[in-house]
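Okay, structure first, notes after.
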Amino acid sequence: MAEMDKRPIGMMDSGLGGLSVLRVLQKEMPGESLIFVGDQGHFPYGTKSQAEIRQLALAVGRFLQEKGAKMMVVACNTATAAALPTLQKQLSIPVIGVIKPGAQAALASGAQTIGVIGTESTIKNGAYDHAIKDLTTANIRVVSQAAQPLVSIVEHGQTGTVAAQRTVDQELAPLKGQGVQTLVLGCTHFPFLKKEIEHTLGPAVKLVDPAFETVKHVQAALKVSDGENTGRAPVVELYTTGKTTDLVNGAQLWLGGQYDSCSHIDLEVTR
C-alpha cells in the first residue's frame, strides 16, 4: 500500500469566505491537515485590479508552498478568475480553483438559465460565462449580477440579521423575473447567506455552492498522485494578514471551533 502523504492542503481567500470551502473539505476529507490563509489585510479583492489580485494570490501561494503544502486550493472566485493560470505556472504544487467546479455543478443541474452572483471583479471578468461556454455546446443563458456588498456583510459577522436580508433583497432584485433556474454562489462568502438568498429568490431556484464540486476535484487530484491522507490526526492552522480576532470569530461561527491555531502573518508581496 502506498504511504500516505501527510503534508497539509493549503487554502486561501481574501477573507473569511474560504471557510465555506474549508468546512466542506473537513467533512469530506477528515484525514487531511489544512493550512488556511485569509488575506484580510488586503480585503476586499473584488474591487482591486487583476494585476494586484495576482500579486497577492502569488504571495499567499509562495507562503503555502514554504509551509510544505502538497496542493493549493484557491477558495476565492475573484482570485481564481484573476490568478489561477499564473499560480499554476509559478508554483511547483498543483493549484485548484473554484470556478470550473462551480460551472460544472451549475450545468449538472440541467438549468437552461443560470444566474451567477459574485464580486465586481469576478462578474466584470465574465469568469463563469467563459467557464460555462467552455464546458458545453448547449445554448445556456447566463445572467450575471455583481453583489459586492454581500461580501462585507459576511466579513463583518452580520449574517442572519434584518440588515443582511435587506441588502440581499436589494442586490438580487435585478435577477427577479429573469427566469433563473439555478444560481451559482460565485463568491465563497455567499454560502453563509444561503438562508437570506433562498428567502429572496424562493424555493424554485436551485443554489449551487461550488465548494462541494471543488472538494471532488481535490479528491480526484490527490487520488491520481497518491497524495491522500486518510489518517485521523489532522492539524488545521489558520493565518490572517489582518486581525486574528476576525478570523477566530469566523472560525468559531462557521467551523464550530474545529481548528488548532490562528496566527497573524505579513505577506511578501512583490510589486
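We label chains A, B, ... in the order they appear in the C-alpha cells, count residues from 1 in each chain, and number ligands from 1 in the order shown.
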Any chance you could tabulate, as JSON lines, the residues of segment 38-140 of chain A at most 12 Å from segment 168-174 of chain A with each one's nearest atom pair and distance in Å to one decimal, using only C-alpha atoms, in chain and rising number order?
```
{"residue": "A:Gly115", "atom": "CA", "partner": "A:Leu172", "partner_atom": "CA", "distance": 10.3}
{"residue": "A:Val116", "atom": "CA", "partner": "A:Leu172", "partner_atom": "CA", "distance": 10.3}
{"residue": "A:Ile117", "atom": "CA", "partner": "A:Leu172", "partner_atom": "CA", "distance": 8.3}
{"residue": "A:Gly118", "atom": "CA", "partner": "A:Glu171", "partner_atom": "CA", "distance": 10.7}
{"residue": "A:Thr119", "atom": "CA", "partner": "A:Glu171", "partner_atom": "CA", "distance": 11.4}
```
Output file for the selection above: C-alpha atoms, as a PDB file, in the first residue's frame:
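Result file again.pdb:
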```
ATOM      1  CA  GLY A 115     -27.683  33.009 -12.664  1.00  0.00           C
ATOM      2  CA  VAL A 116     -24.297  33.963 -11.208  1.00  0.00           C
ATOM      3  CA  ILE A 117     -23.661  36.338  -8.321  1.00  0.00           C
ATOM      4  CA  GLY A 118     -20.122  37.364  -7.455  1.00  0.00           C
ATOM      5  CA  THR A 119     -17.797  40.250  -6.692  1.00  0.00           C
TER       6      THR A 119
END
```
Which residues, written as a list in words, have at least one atom at most 10 Å from Lys124 of chain A, with only C-alpha atoms counted and residues fewer than 6 positions away on the same chain left out? Gly46, Gly118, Ser144, Gln145 and Ala146 of chain A
Output as a PyMOL selection string all residues of segment 67-268 of chain A that backbone DSSP marks as alpha helix (DSSP H).
chain A and resi 77-90+99-108+120-125+127-135+149-155+162-172+194-201+210-224+244-254
Practice problem: Take atom CA of Gly186 of chain A and atom CA of Ala51 of chain A and report the distance between them in Å, one decimal. | Solution: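 Going from atom CA of Gly186 of chain A over to atom CA of Ala51 of chain A, I get 20.3 Å.
Here atom CA of Val224 of chain A stands at a distance of 14.1 Å from atom CA of Val95 of chain A.
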- Message: To one decimal place in Å, what is the distance between atom CA of Ser261 of chain A and atom CA of Glu237 of chain A?
- Response: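 Distance between the two atoms: 5.1 Å.
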(message) as number ranges by chain, please: the residues near segment 243-253 of chain A (cut-off 10 Å, only C-alpha atoms, same-chain neighbours under 4 positions excluded).
(response) A: 15-17, 19, 23, 37-38, 40-41, 154-157, 238-239, 257-259, 261-265
In terms of only C-alpha atoms, the residue from A:Gly102, A:Gly242, A:Gly110, A:Gly177 at minimal distance from Val21 of chain A is A:Gly102
Tell me, as a ChimeraX atom specification, which residues lie within 12 Å of Val98 of chain A, counting only C-alpha atoms; anything in the same chain fewer than 6 positions away does not count. /A:11-13,18,20-21,72-84,104-105,122,127-128,131,184-188,208-218
* Can you list every residue in segment 30-263 of chain A that DSSP puts in strand (DSSP E), as an MDAnalysis selection string? -> chainID A and resid 34:38 71:74 95:96 113:118 141:146 182:185 206:208 236:240 261:263
Output for the residues just chosen: C-alpha atoms as a PDB file, in the first residue's frame:
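Result file selection-v8.pdb:
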```pdb
ATOM      1  CA  LEU A  34      -5.196  22.110   6.342  1.00  0.00           C
ATOM      2  CA  ILE A  35      -3.488  25.495   6.230  1.00  0.00           C
ATOM      3  CA  PHE A  36      -5.842  28.386   5.516  1.00  0.00           C
ATOM      4  CA  VAL A  37      -4.789  31.956   4.751  1.00  0.00           C
ATOM      5  CA  GLY A  38      -7.408  34.705   4.921  1.00  0.00           C
ATOM      6  CA  MET A  71      -1.597  21.426  -3.040  1.00  0.00           C
ATOM      7  CA  MET A  72      -3.201  24.878  -3.111  1.00  0.00           C
ATOM      8  CA  VAL A  73      -6.955  25.428  -3.227  1.00  0.00           C
ATOM      9  CA  VAL A  74      -7.878  28.971  -4.263  1.00  0.00           C
ATOM     10  CA  VAL A  95      -3.389  24.522  -7.792  1.00  0.00           C
ATOM     11  CA  ILE A  96      -7.179  24.124  -7.958  1.00  0.00           C
ATOM     12  CA  THR A 113     -30.920  29.824 -17.486  1.00  0.00           C
ATOM     13  CA  ILE A 114     -28.102  30.022 -14.947  1.00  0.00           C
ATOM     14  CA  GLY A 115     -27.683  33.009 -12.664  1.00  0.00           C
ATOM     15  CA  VAL A 116     -24.297  33.963 -11.208  1.00  0.00           C
ATOM     16  CA  ILE A 117     -23.661  36.338  -8.321  1.00  0.00           C
ATOM     17  CA  GLY A 118     -20.122  37.364  -7.455  1.00  0.00           C
ATOM     18  CA  ARG A 141     -28.266  31.627 -20.909  1.00  0.00           C
ATOM     19  CA  VAL A 142     -26.080  33.096 -18.172  1.00  0.00           C
ATOM     20  CA  VAL A 143     -27.374  36.051 -16.153  1.00  0.00           C
ATOM     21  CA  SER A 144     -24.609  37.648 -14.076  1.00  0.00           C
ATOM     22  CA  GLN A 145     -25.030  40.100 -11.229  1.00  0.00           C
ATOM     23  CA  ALA A 146     -22.326  41.746  -9.097  1.00  0.00           C
ATOM     24  CA  THR A 182     -30.073  27.727 -10.912  1.00  0.00           C
ATOM     25  CA  LEU A 183     -27.989  30.344  -9.112  1.00  0.00           C
ATOM     26  CA  VAL A 184     -24.235  29.937  -8.686  1.00  0.00           C
ATOM     27  CA  LEU A 185     -22.958  31.425  -5.432  1.00  0.00           C
ATOM     28  CA  LYS A 206     -31.599  25.873  -7.024  1.00  0.00           C
ATOM     29  CA  LEU A 207     -28.498  27.277  -5.316  1.00  0.00           C
ATOM     30  CA  VAL A 208     -25.070  25.928  -6.307  1.00  0.00           C
ATOM     31  CA  VAL A 236      -5.878  22.841  10.962  1.00  0.00           C
ATOM     32  CA  GLU A 237      -3.807  26.042  11.014  1.00  0.00           C
ATOM     33  CA  LEU A 238      -5.399  29.406  10.245  1.00  0.00           C
ATOM     34  CA  TYR A 239      -3.432  32.502   9.214  1.00  0.00           C
ATOM     35  CA  THR A 240      -4.596  36.041   8.539  1.00  0.00           C
ATOM     36  CA  SER A 261      -4.235  27.653  15.809  1.00  0.00           C
ATOM     37  CA  CYS A 262      -4.759  31.125  14.357  1.00  0.00           C
ATOM     38  CA  SER A 263      -1.824  33.481  13.729  1.00  0.00           C
TER      39      SER A 263
END
```
